[in-house]
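Colleague: The following file, model_14.tsv, comprises TSV, C-alpha atoms and all ligand atoms:
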```tsv
chain	number	residue	atom	x	y	z
A	742	MET	CA	4.15	-82.74	29.74
A	743	SER	CA	7.42	-80.96	30.42
A	744	VAL	CA	8.71	-77.50	29.70
A	745	THR	CA	12.21	-77.07	28.36
A	746	TYR	CA	14.44	-74.16	27.46
A	747	GLN	CA	14.94	-73.53	23.77
A	748	ALA	CA	18.16	-72.12	22.39
A	749	VAL	CA	17.95	-68.47	21.31
A	750	GLY	CA	18.05	-68.21	17.52
A	751	TRP	CA	20.96	-65.84	16.91
A	752	ASN	CA	20.38	-64.75	13.34
A	753	ARG	CA	22.30	-62.18	11.27
A	754	THR	CA	19.97	-59.26	12.06
A	755	LYS	CA	20.25	-59.95	15.79
A	756	LYS	CA	24.04	-60.07	15.53
A	757	ILE	CA	24.13	-56.71	13.71
A	758	TYR	CA	21.75	-55.20	16.28
A	759	ASP	CA	23.85	-56.46	19.19
A	760	GLY	CA	27.11	-55.44	17.48
A	761	ILE	CA	25.87	-51.84	17.06
A	762	LEU	CA	24.69	-51.84	20.69
A	763	ALA	CA	28.03	-53.11	22.06
A	764	ALA	CA	30.05	-50.66	19.91
A	765	GLY	CA	27.78	-47.76	20.91
A	766	LEU	CA	28.12	-48.55	24.61
A	767	ALA	CA	31.89	-49.00	24.43
A	768	ALA	CA	32.18	-45.63	22.65
A	769	TYR	CA	29.89	-43.99	25.23
A	770	LEU	CA	31.82	-45.35	28.23
A	771	GLY	CA	35.18	-44.50	26.63
A	772	LEU	CA	34.06	-40.94	25.90
A	773	PHE	CA	32.47	-40.53	29.34
A	774	VAL	CA	35.58	-41.60	31.22
A	775	GLY	CA	37.95	-39.80	28.79
A	776	VAL	CA	36.13	-36.47	28.72
A	777	GLY	CA	35.24	-36.82	32.43
A	778	SER	CA	38.90	-37.13	33.44
A	779	LEU	CA	39.68	-33.94	31.48
A	780	VAL	CA	36.76	-31.95	32.93
A	781	HIS	CA	37.14	-33.37	36.48
A	782	PRO	CA	40.89	-34.06	36.84
A	783	ASN	CA	40.40	-34.91	40.55
A	784	ALA	CA	37.81	-37.62	39.92
A	785	THR	CA	39.08	-41.20	40.19
A	786	ALA	CA	38.65	-43.70	37.34
A	787	GLU	CA	36.32	-45.74	39.58
A	788	THR	CA	34.03	-42.76	40.19
A	789	LEU	CA	33.93	-41.94	36.48
A	790	LEU	CA	33.20	-45.56	35.62
A	791	ILE	CA	30.39	-45.72	38.20
A	792	ARG	CA	28.87	-42.57	36.76
A	793	GLY	CA	29.40	-43.68	33.16
A	794	LEU	CA	27.73	-47.06	33.80
A	795	GLY	CA	24.82	-45.45	35.69
A	796	THR	CA	24.14	-42.86	32.99
A	797	ALA	CA	24.54	-45.45	30.20
A	798	ALA	CA	21.97	-47.72	31.91
A	799	LEU	CA	19.53	-44.87	32.41
A	800	LEU	CA	20.01	-43.64	28.83
A	801	LEU	CA	19.34	-47.15	27.51
A	802	LEU	CA	16.25	-47.41	29.72
A	803	HIS	CA	14.92	-44.22	28.10
A	804	VAL	CA	15.53	-45.71	24.64
A	805	ILE	CA	13.72	-48.92	25.69
A	806	LEU	CA	10.74	-47.00	27.07
A	807	CYS	CA	10.48	-44.89	23.90
A	808	ILE	CA	10.53	-47.82	21.46
A	809	GLY	CA	6.97	-48.99	22.28
A	810	PRO	CA	5.17	-45.68	21.66
A	811	LEU	CA	7.44	-44.84	18.68
A	812	CYS	CA	6.41	-48.12	16.98
A	813	ARG	CA	2.76	-47.38	17.64
A	814	LEU	CA	3.18	-43.92	16.08
A	815	ASP	CA	5.22	-45.00	13.04
A	816	ARG	CA	5.74	-48.55	11.76
A	817	ARG	CA	9.22	-47.63	10.47
A	818	PHE	CA	10.48	-47.94	14.07
A	819	LEU	CA	9.41	-51.61	14.23
A	820	PRO	CA	12.94	-53.01	13.59
A	821	LEU	CA	13.93	-51.45	16.94
A	822	LEU	CA	11.25	-53.49	18.68
A	823	TYR	CA	12.65	-56.68	17.19
A	824	ASN	CA	15.48	-57.02	19.69
A	825	ARG	CA	14.20	-54.90	22.54
A	826	ARG	CA	14.70	-57.69	25.08
A	827	HIS	CA	18.45	-57.69	24.36
A	828	LEU	CA	18.45	-53.96	25.10
A	829	GLY	CA	16.68	-54.70	28.39
A	830	VAL	CA	19.17	-57.35	29.48
A	831	THR	CA	22.11	-55.14	28.43
A	832	MET	CA	20.65	-52.26	30.42
A	833	PHE	CA	20.34	-54.53	33.47
A	834	ILE	CA	23.98	-55.66	33.15
A	835	LEU	CA	25.13	-52.01	33.01
A	836	ALA	CA	22.94	-51.13	36.02
A	837	LEU	CA	24.22	-54.18	37.92
A	838	ALA	CA	27.84	-53.16	37.24
A	839	HIS	CA	27.07	-49.60	38.38
A	840	GLY	CA	25.33	-50.82	41.56
A	841	THR	CA	28.02	-53.39	42.37
A	842	PHE	CA	30.91	-50.93	41.89
A	843	SER	CA	29.03	-48.34	43.99
A	844	ILE	CA	28.52	-50.84	46.81
A	845	ILE	CA	32.21	-51.82	46.65
A	846	GLN	CA	33.33	-48.18	46.58
A	847	PHE	CA	31.01	-46.84	49.29
A	848	HIS	CA	30.19	-49.81	51.53
A	849	ALA	CA	32.86	-52.52	51.29
A	850	LEU	CA	35.49	-50.98	53.57
A	851	GLY	CA	33.57	-50.96	56.87
A	852	ASN	CA	32.77	-53.70	59.39
A	853	LEU	CA	29.23	-54.20	58.17
A	854	ASN	CA	28.08	-56.46	55.37
A	855	PRO	CA	28.05	-54.07	52.34
A	856	LEU	CA	24.37	-54.84	51.61
A	857	VAL	CA	23.42	-54.10	55.23
A	858	SER	CA	25.57	-50.97	55.15
A	859	LEU	CA	23.68	-49.82	52.03
A	860	PHE	CA	20.50	-49.61	54.09
A	861	VAL	CA	21.74	-48.58	57.55
A	862	SER	CA	24.68	-46.23	56.92
A	863	ASN	CA	22.27	-43.39	56.10
A	864	THR	CA	18.73	-43.35	57.51
A	865	ARG	CA	17.90	-39.69	56.98
A	866	TYR	CA	14.68	-40.49	55.11
A	867	GLY	CA	13.19	-37.17	56.24
A	868	SER	CA	15.86	-35.09	54.51
A	869	LEU	CA	15.66	-34.16	50.84
A	870	ALA	CA	19.32	-33.15	50.54
A	871	ASP	CA	20.68	-36.21	52.39
A	872	PHE	CA	18.05	-38.79	51.41
A	873	PRO	CA	19.43	-42.39	51.30
A	874	PHE	CA	19.04	-42.42	47.51
A	875	GLN	CA	21.14	-45.57	47.07
A	876	SER	CA	18.37	-47.74	48.53
A	877	LEU	CA	16.05	-46.43	45.77
A	878	GLY	CA	18.61	-47.54	43.18
A	879	PHE	CA	18.75	-50.95	44.85
A	880	ILE	CA	14.95	-51.42	44.65
A	881	ALA	CA	15.02	-50.37	40.97
A	882	LEU	CA	17.84	-52.85	40.35
A	883	LEU	CA	15.79	-55.66	41.93
A	884	ILE	CA	12.86	-54.89	39.61
A	885	LEU	CA	15.17	-54.73	36.58
A	886	PHE	CA	16.60	-58.09	37.63
A	887	LEU	CA	13.09	-59.57	37.64
A	888	MET	CA	12.50	-58.23	34.11
A	889	ALA	CA	15.86	-59.46	32.80
A	890	ALA	CA	15.50	-62.89	34.43
A	891	THR	CA	12.06	-63.45	32.89
A	892	SER	CA	12.86	-61.94	29.49
A	893	HIS	CA	13.47	-65.29	27.80
A	894	ASP	CA	10.75	-66.84	25.60
A	895	PHE	CA	10.56	-69.69	28.12
A	896	TRP	CA	8.92	-67.33	30.62
A	897	LEU	CA	6.77	-65.64	27.99
A	898	HIS	CA	5.29	-69.03	27.05
A	899	ASN	CA	4.97	-70.42	30.56
A	900	LEU	CA	3.70	-67.34	32.35
A	901	THR	CA	1.34	-66.64	29.36
A	902	ALA	CA	1.53	-63.37	27.44
A	903	PRO	CA	-0.92	-61.32	29.59
A	904	VAL	CA	0.84	-62.21	32.90
A	905	TRP	CA	4.27	-61.64	31.33
A	906	LYS	CA	3.19	-58.26	29.98
A	907	ARG	CA	1.74	-57.21	33.34
A	908	LEU	CA	4.97	-58.24	35.05
A	909	HIS	CA	7.03	-56.24	32.59
A	910	MET	CA	4.88	-53.14	33.20
A	911	PHE	CA	6.84	-52.89	36.46
A	912	VAL	CA	9.60	-51.34	34.38
A	913	TYR	CA	7.69	-48.06	34.87
A	914	VAL	CA	7.90	-48.51	38.65
A	915	ALA	CA	11.66	-49.07	38.28
A	916	TYR	CA	11.85	-45.93	36.13
A	917	ALA	CA	10.09	-43.88	38.84
A	918	PHE	CA	12.53	-45.21	41.48
A	919	LEU	CA	15.45	-44.30	39.23
A	920	ILE	CA	14.22	-40.75	38.64
A	921	ALA	CA	14.05	-40.42	42.44
A	922	HIS	CA	17.47	-42.14	42.83
A	923	VAL	CA	19.17	-39.59	40.57
A	924	THR	CA	17.14	-36.56	41.68
A	925	LEU	CA	17.76	-37.20	45.38
A	926	GLY	CA	21.32	-38.45	44.82
A	927	ALA	CA	23.59	-37.09	42.14
A	928	LEU	CA	21.48	-33.98	41.49
A	929	GLN	CA	21.81	-32.88	45.13
A	930	SER	CA	25.60	-32.72	44.87
A	931	GLU	CA	25.99	-32.13	41.10
A	932	THR	CA	27.06	-28.61	40.23
A	933	SER	CA	26.68	-29.04	36.47
A	934	PRO	CA	23.10	-28.47	35.28
A	935	LEU	CA	23.71	-30.93	32.40
A	936	LEU	CA	22.54	-34.05	34.30
A	937	ALA	CA	19.42	-32.26	35.58
A	938	ALA	CA	18.63	-30.98	32.06
A	939	MET	CA	19.15	-34.43	30.51
A	940	LEU	CA	16.92	-36.04	33.15
A	941	GLY	CA	14.19	-33.43	32.60
A	942	ILE	CA	14.36	-33.83	28.81
A	943	GLY	CA	14.31	-37.64	29.12
A	944	LEU	CA	11.28	-37.64	31.41
A	945	THR	CA	9.43	-35.19	29.13
A	946	VAL	CA	10.20	-37.22	25.99
A	947	VAL	CA	9.13	-40.54	27.58
A	948	THR	CA	5.92	-39.07	29.05
A	949	SER	CA	4.86	-37.12	25.96
A	950	LEU	CA	5.55	-40.03	23.58
A	951	HIS	CA	3.40	-42.34	25.73
A	952	LEU	CA	0.58	-39.80	25.99
A	953	THR	CA	0.63	-39.05	22.23
A	954	ALA	CA	0.63	-42.74	21.27
A	955	ALA	CA	-2.17	-43.54	23.74
A	956	ASN	CA	-4.24	-40.62	22.49
A	957	ILE	CA	-3.84	-41.51	18.82
A	958	GLU	CA	-4.52	-45.18	19.52
A	959	ARG	CA	-7.64	-44.38	21.51
A	960	LYS	CA	-9.03	-42.37	18.58
A	961	LYS	CA	-7.84	-44.81	15.91
A	962	ASP	CA	-8.82	-48.06	17.56
A	963	ALA	CA	-12.11	-46.94	19.00
A	964	TYR	CA	-13.99	-47.09	15.71
A	965	VAL	CA	-14.69	-50.20	13.65
A	966	ALA	CA	-16.28	-50.48	10.22
A	967	ALA	CA	-19.94	-51.46	10.70
A	968	CYS	CA	-21.73	-51.19	7.32
A	969	THR	CA	-21.98	-48.86	4.32
A	970	ILE	CA	-24.40	-45.95	4.03
A	971	ASP	CA	-26.08	-47.76	1.13
A	972	ASP	CA	-26.76	-50.80	3.35
A	973	ILE	CA	-29.23	-48.73	5.37
A	974	PRO	CA	-32.65	-47.92	3.88
A	975	GLU	CA	-33.93	-44.40	4.65
A	976	LYS	CA	-35.57	-44.12	8.09
A	977	ARG	CA	-34.60	-47.70	8.82
A	978	ALA	CA	-31.61	-49.44	10.38
A	979	CYS	CA	-28.85	-51.86	9.67
A	980	VAL	CA	-28.24	-54.15	12.66
A	981	VAL	CA	-24.64	-55.08	13.43
A	982	SER	CA	-22.97	-57.03	16.20
A	983	CYS	CA	-20.45	-54.85	18.02
A	984	GLY	CA	-18.46	-55.68	21.13
A	985	GLY	CA	-20.84	-58.59	21.82
A	986	GLU	CA	-23.94	-56.34	21.61
A	987	ARG	CA	-26.43	-55.85	18.78
A	988	VAL	CA	-26.51	-52.26	17.59
A	989	ALA	CA	-29.08	-50.62	15.31
A	990	ILE	CA	-27.58	-47.98	12.99
A	991	PHE	CA	-30.31	-45.69	11.65
A	992	LYS	CA	-30.25	-43.44	8.57
A	993	TYR	CA	-32.66	-40.50	8.56
A	994	ASP	CA	-32.74	-36.98	7.12
A	995	GLY	CA	-29.14	-37.13	5.89
A	996	LYS	CA	-27.85	-38.32	9.28
A	997	ILE	CA	-26.66	-41.50	10.96
A	998	SER	CA	-27.25	-42.47	14.61
A	999	ALA	CA	-26.66	-45.73	16.44
A	1000	ILE	CA	-28.52	-47.08	19.46
A	1001	SER	CA	-28.86	-50.44	21.22
A	1002	ASN	CA	-31.05	-52.89	19.28
A	1003	VAL	CA	-32.84	-53.94	22.46
A	1004	CYS	CA	-36.13	-52.27	23.36
A	1005	GLN	CA	-36.60	-51.47	27.06
A	1006	HIS	CA	-40.16	-52.78	27.00
A	1007	GLN	CA	-39.79	-56.48	26.21
A	1008	ASN	CA	-36.45	-56.62	24.38
A	1009	GLY	CA	-38.06	-56.07	20.97
A	1010	PRO	CA	-35.64	-55.61	18.00
A	1011	LEU	CA	-35.47	-51.82	17.53
A	1012	GLY	CA	-33.40	-52.22	14.35
A	1013	GLU	CA	-36.38	-53.86	12.68
A	1014	GLY	CA	-38.49	-50.82	13.41
A	1015	ARG	CA	-38.75	-47.53	11.51
A	1016	ILE	CA	-38.31	-43.88	12.30
A	1017	ILE	CA	-41.82	-42.44	12.67
A	1018	ASP	CA	-42.32	-38.77	13.61
A	1019	GLY	CA	-38.60	-38.44	14.26
A	1020	CYS	CA	-38.52	-41.41	16.70
A	1021	VAL	CA	-37.22	-44.96	16.35
A	1022	THR	CA	-40.40	-46.99	16.78
A	1023	CYS	CA	-40.26	-50.54	18.14
A	1024	PRO	CA	-41.90	-53.02	15.75
A	1025	TRP	CA	-43.44	-55.01	18.60
A	1026	HIS	CA	-45.54	-52.60	20.67
A	1027	GLY	CA	-44.56	-49.17	19.40
A	1028	TYR	CA	-42.30	-47.81	22.18
A	1029	GLN	CA	-40.37	-44.83	20.81
A	1030	TYR	CA	-36.81	-43.50	21.24
A	1031	LEU	CA	-35.06	-40.43	19.84
A	1032	PRO	CA	-32.26	-41.71	17.58
A	1033	ASP	CA	-29.61	-39.26	18.84
A	1034	THR	CA	-30.23	-39.69	22.60
A	1035	GLY	CA	-31.75	-43.18	22.87
A	1036	ALA	CA	-34.33	-41.63	25.25
A	1037	SER	CA	-38.10	-41.91	24.87
A	1038	PRO	CA	-39.76	-38.55	24.21
A	1039	PRO	CA	-41.41	-37.02	27.32
A	1040	PRO	CA	-43.37	-37.94	29.33
A	1041	PHE	CA	-41.86	-41.41	28.84
A	1042	THR	CA	-38.64	-42.26	30.65
A	1043	GLU	CA	-37.23	-45.36	28.88
A	1044	LYS	CA	-33.66	-45.05	27.67
A	1045	VAL	CA	-31.34	-47.27	25.63
A	1046	ALA	CA	-27.56	-47.09	25.14
A	1047	THR	CA	-26.22	-44.95	22.32
A	1048	TYR	CA	-23.02	-45.33	20.25
A	1049	ARG	CA	-20.63	-42.86	18.63
A	1050	THR	CA	-20.55	-43.05	14.85
A	1051	ARG	CA	-18.35	-41.67	12.12
A	1052	ILE	CA	-18.57	-41.66	8.32
A	1053	ASP	CA	-15.57	-42.35	6.08
A	1054	GLY	CA	-16.60	-42.10	2.40
A	1055	ASN	CA	-19.45	-44.58	2.09
A	1056	GLN	CA	-18.41	-46.49	5.21
A	1057	VAL	CA	-20.18	-46.13	8.55
A	1058	LEU	CA	-17.84	-46.60	11.52
A	1059	ILE	CA	-18.92	-47.20	15.08
A	1060	ASP	CA	-17.24	-46.98	18.47
A	1061	PRO	CA	-18.12	-50.38	20.04
A	1062	LYS	CA	-18.16	-48.92	23.54
A	1063	PRO	CA	-21.82	-48.27	24.53
A	1064	LEU	CA	-22.52	-44.92	26.15
A	1065	PRO	CA	-24.79	-44.77	29.22
A	1066	PRO	CA	-28.49	-45.03	28.20
A	1067	GLY	CA	-29.89	-41.65	27.18
A	1068	THR	CA	-26.49	-40.06	26.34
A	1069	ARG	CA	-26.87	-37.68	23.41
A	1070	VAL	CA	-24.48	-38.29	20.51
A	1071	GLN	CA	-24.13	-35.79	17.68
A	1072	PRO	CA	-25.45	-37.66	14.58
A	1073	SER	CA	-22.92	-38.19	11.75
A	1074	VAL	CA	-23.90	-36.09	8.76
A	1075	ILE	CA	-23.96	-37.72	5.32
A	1076	GLN	CA	-22.26	-35.26	2.98
A	1077	ASP	CA	-24.32	-34.22	-0.10
A	1078	ALA	CA	-27.42	-35.87	1.37
A	1079	GLN	CA	-30.70	-34.08	0.86
A	1080	PRO	CA	-32.94	-34.08	3.98
A	1081	VAL	CA	-36.06	-36.12	3.20
B	1	LIG	C1	22.34	-51.25	44.16
B	1	LIG	C2	21.87	-50.32	43.39
B	1	LIG	C3	22.48	-48.96	43.22
B	1	LIG	C4	23.40	-48.28	44.00
B	1	LIG	C5	24.05	-48.72	45.28
B	1	LIG	C6	23.66	-47.03	43.33
B	1	LIG	C7	24.52	-46.06	43.79
B	1	LIG	C8	24.75	-44.85	43.21
B	1	LIG	C9	25.63	-43.83	43.70
B	1	LIG	C10	26.49	-43.95	44.95
B	1	LIG	C11	25.55	-42.78	42.87
B	1	LIG	C12	26.29	-41.46	42.97
B	1	LIG	C13	27.55	-41.56	42.17
B	1	LIG	C14	28.34	-40.28	42.19
B	1	LIG	O1	27.72	-39.22	42.22
B	1	LIG	O2	29.57	-40.36	42.13
B	1	LIG	C15	24.62	-43.11	41.82
B	1	LIG	C16	24.28	-42.28	40.78
B	1	LIG	C17	23.55	-42.69	39.67
B	1	LIG	N1	22.89	-43.89	39.52
B	1	LIG	FE1	22.90	-45.43	40.85
B	1	LIG	N2	22.93	-46.97	42.18
B	1	LIG	C18	22.18	-48.12	42.08
B	1	LIG	C19	21.32	-48.47	41.06
B	1	LIG	C20	21.15	-47.74	39.89
B	1	LIG	C21	20.41	-48.18	38.74
B	1	LIG	C22	19.64	-49.50	38.66
B	1	LIG	C23	20.52	-47.20	37.79
B	1	LIG	C24	19.97	-47.11	36.38
B	1	LIG	C25	19.44	-48.08	35.65
B	1	LIG	C26	21.28	-46.12	38.35
B	1	LIG	C27	21.58	-44.95	37.71
B	1	LIG	C28	22.31	-43.91	38.26
B	1	LIG	C29	22.60	-42.66	37.60
B	1	LIG	C30	22.12	-42.25	36.19
B	1	LIG	C31	23.36	-41.90	38.48
B	1	LIG	C32	23.92	-40.49	38.24
B	1	LIG	C33	25.29	-40.61	37.67
B	1	LIG	C34	26.10	-39.31	37.77
B	1	LIG	O3	26.42	-38.91	38.87
B	1	LIG	O4	26.39	-38.75	36.72
B	1	LIG	N3	21.66	-46.49	39.62
B	1	LIG	N4	24.14	-44.38	42.04
B	2	LIG	S1	-40.70	-54.69	23.00
B	2	LIG	FE1	-40.48	-52.79	22.15
B	2	LIG	S2	-42.34	-51.94	22.43
B	2	LIG	FE2	-42.58	-53.81	23.36
```
How does this structure look as structure tokens?

Modeller:
Amino acid sequence: MSVTYQAVGWNRTKKIYDGILAAGLAAYLGLFVGVGSLVHPNATAETLLIRGLGTAALLLLHVILCIGPLCRLDRRFLPLLYNRRHLGVTMFILALAHGTFSIIQFHALGNLNPLVSLFVSNTRYGSLADFPFQSLGFIALLILFLMAATSHDFWLHNLTAPVWKRLHMFVYVAYAFLIAHVTLGALQSETSPLLAAMLGIGLTVVTSLHLTAANIERKKDAYVAACTIDDIPEKRACVVSCGGERVAIFKYDGKISAISNVCQHQNGPLGEGRIIDGCVTCPWHGYQYLPDTGASPPPFTEKVATYRTRIDGNQVLIDPKPLPPGTRVQPSVIQDAQPV
């Protein structure tokens, strides 16, 4: 069997997406160099271009990092995800141009090989103000190169999706290096607070979007529909398979609790038992467990895993992640139910 490259399907939507991207970047660079030459009349065109390319790459990286969590928060952002890999490659090309021009400007005129000069011309790693920040940019650029080079579907298919995804998580490492590159570099000499403010805002937006999306997803995804309230007879259970384990969901006194279906004595099916005297009672030999804690009433010490539950209308939802045996879980209350 052989693996071959497949041509990228360049459809109309992709062309529009890329057209907007190219026009936006050209406008940004034009404005940056134009306004920059008015504000800093002494700055050379090369310096302004280096700065424009660097800031454009970093800005685009922020957009790329925000697209994932935005799509998880609101599906209307999904069209942005559609062509995110083109954004990534474009960002790498901008960063490469910025790095190359910087190396030419700052390291090409000496006797040393410019790449060697990049690492040996400044070795004050102990100094915050004079830190060799360019080497941090170089490491970030190497990581971005790895991402851009493996962005094609060929690599996605051949590395397999989980490996590819793990590899592309390194973009966050590159981001950390870039924050350090700018903080220890341009911000040490920059008199205008604008760059510092933009960097702070960017970092805050990226971090808070990721935290919000992760938090919402954790809550949303944790619970799965297990059965309806009507499926469960009073003081008995409905047994469901959840996360590879069998779980007994009990209904009693207007409440719902879920525990492992497996009795600690001889693995008897707790979900086939009943609640007697407030305890789930194993149908095989009568071992008992409190439905909200999964623990046997004193003096007994057996414990089974418990599960978080939630009620949505008539639906009983369950978090498939078992809690450590004996962990108390607040029972879900059935609205309008009369305690029996
Ligand atoms: C070989 C790799 C790199 C080298 C040698 C390098 C070099 C430099 C230098 C010399 C500066 C200061 C420019 C000045 O203040 O005039 C700078 C600033 C900057 N770099 Fe890099 N860089 C590299 C990689 C990167 C990458 C990969 C990115 C982003 C994706 C990046 C983003 C920036 C930004 C945003 C600034 C601040 C621009 C400003 O002063 O307004 N750099 N870099
Ligand atoms: S298996 Fe449950 S009591 Fe024996």

Colleague: Using only C-alpha atoms, what residues lie at most 12 Å away from (19.2, -56.0, 15.6) (file coordinates), given as a ChimeraX atom specification?

Modeller: /A:751-763,818-828

Colleague: Using only C-alpha atoms and all ligand atoms, which of A:Ala768, A:Cys1004, A:Cys812, A:Leu900 sits nearest ligand LIG 2 (chain B)?

Modeller: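 Nearest candidate to ligand LIG 2 (chain B) out of A:Ala768, A:Cys1004, A:Cys812, A:Leu900: A:Cys1004.
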
Colleague: Mind pulling up the distance from CA of Arg959 (chain A) to CA of Leu814 (chain A)?

Modeller: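 One can read the CA of Leu814 (chain A) to CA of Arg959 (chain A) distance as 12.1 Å.
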
Colleague: Counting all atoms listed in the file, what residues are within 7 Å of ligand LIG 2 (chain B), given as a PDB file with C-alpha atoms, in the coordinates of the input?

Modeller:
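See out.pdb below for the written result:
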```
ATOM      1  CA  CYS A1004     -36.130 -52.270  23.360  1.00  0.00           C
ATOM      2  CA  GLN A1005     -36.600 -51.470  27.060  1.00  0.00           C
ATOM      3  CA  HIS A1006     -40.160 -52.780  27.000  1.00  0.00           C
ATOM      4  CA  GLN A1007     -39.790 -56.480  26.210  1.00  0.00           C
ATOM      5  CA  ASN A1008     -36.450 -56.620  24.380  1.00  0.00           C
ATOM      6  CA  GLY A1009     -38.060 -56.070  20.970  1.00  0.00           C
ATOM      7  CA  PRO A1010     -35.640 -55.610  18.000  1.00  0.00           C
ATOM      8  CA  LEU A1011     -35.470 -51.820  17.530  1.00  0.00           C
ATOM      9  CA  CYS A1023     -40.260 -50.540  18.140  1.00  0.00           C
ATOM     10  CA  PRO A1024     -41.900 -53.020  15.750  1.00  0.00           C
ATOM     11  CA  TRP A1025     -43.440 -55.010  18.600  1.00  0.00           C
ATOM     12  CA  HIS A1026     -45.540 -52.600  20.670  1.00  0.00           C
ATOM     13  CA  GLY A1027     -44.560 -49.170  19.400  1.00  0.00           C
ATOM     14  CA  TYR A1028     -42.300 -47.810  22.180  1.00  0.00           C
TER      15      TYR A1028
END
```

Colleague: May I ask you to write as number ranges by chain all residues lying at most 7 Å from ligand LIG 1 (chain B), with only C-alpha atoms and all ligand atoms counted?

Modeller: A: 788, 791-793, 795-796, 798-799, 802, 832-833, 836-837, 839-841, 843-844, 847, 859, 875-876, 878-879, 881-882, 919, 922-923, 926-927, 936

Colleague: For the residues selected in the previous step, produce a file with C-alpha atoms as a compact mmCIF listing (two decimals), in the coordinates of the input.

Modeller:
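File written: again-v9.txt
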```txt
# COMPACT_ATOMS: atom_id res chain seq x y z
CA THR A 788 34.03 -42.76 40.19
CA ILE A 791 30.39 -45.72 38.20
CA ARG A 792 28.87 -42.57 36.76
CA GLY A 793 29.40 -43.68 33.16
CA GLY A 795 24.82 -45.45 35.69
CA THR A 796 24.14 -42.86 32.99
CA ALA A 798 21.97 -47.72 31.91
CA LEU A 799 19.53 -44.87 32.41
CA LEU A 802 16.25 -47.41 29.72
CA MET A 832 20.65 -52.26 30.42
CA PHE A 833 20.34 -54.53 33.47
CA ALA A 836 22.94 -51.13 36.02
CA LEU A 837 24.22 -54.18 37.92
CA HIS A 839 27.07 -49.60 38.38
CA GLY A 840 25.33 -50.82 41.56
CA THR A 841 28.02 -53.39 42.37
CA SER A 843 29.03 -48.34 43.99
CA ILE A 844 28.52 -50.84 46.81
CA PHE A 847 31.01 -46.84 49.29
CA LEU A 859 23.68 -49.82 52.03
CA GLN A 875 21.14 -45.57 47.07
CA SER A 876 18.37 -47.74 48.53
CA GLY A 878 18.61 -47.54 43.18
CA PHE A 879 18.75 -50.95 44.85
CA ALA A 881 15.02 -50.37 40.97
CA LEU A 882 17.84 -52.85 40.35
CA LEU A 919 15.45 -44.30 39.23
CA HIS A 922 17.47 -42.14 42.83
CA VAL A 923 19.17 -39.59 40.57
CA GLY A 926 21.32 -38.45 44.82
CA ALA A 927 23.59 -37.09 42.14
CA LEU A 936 22.54 -34.05 34.30
```
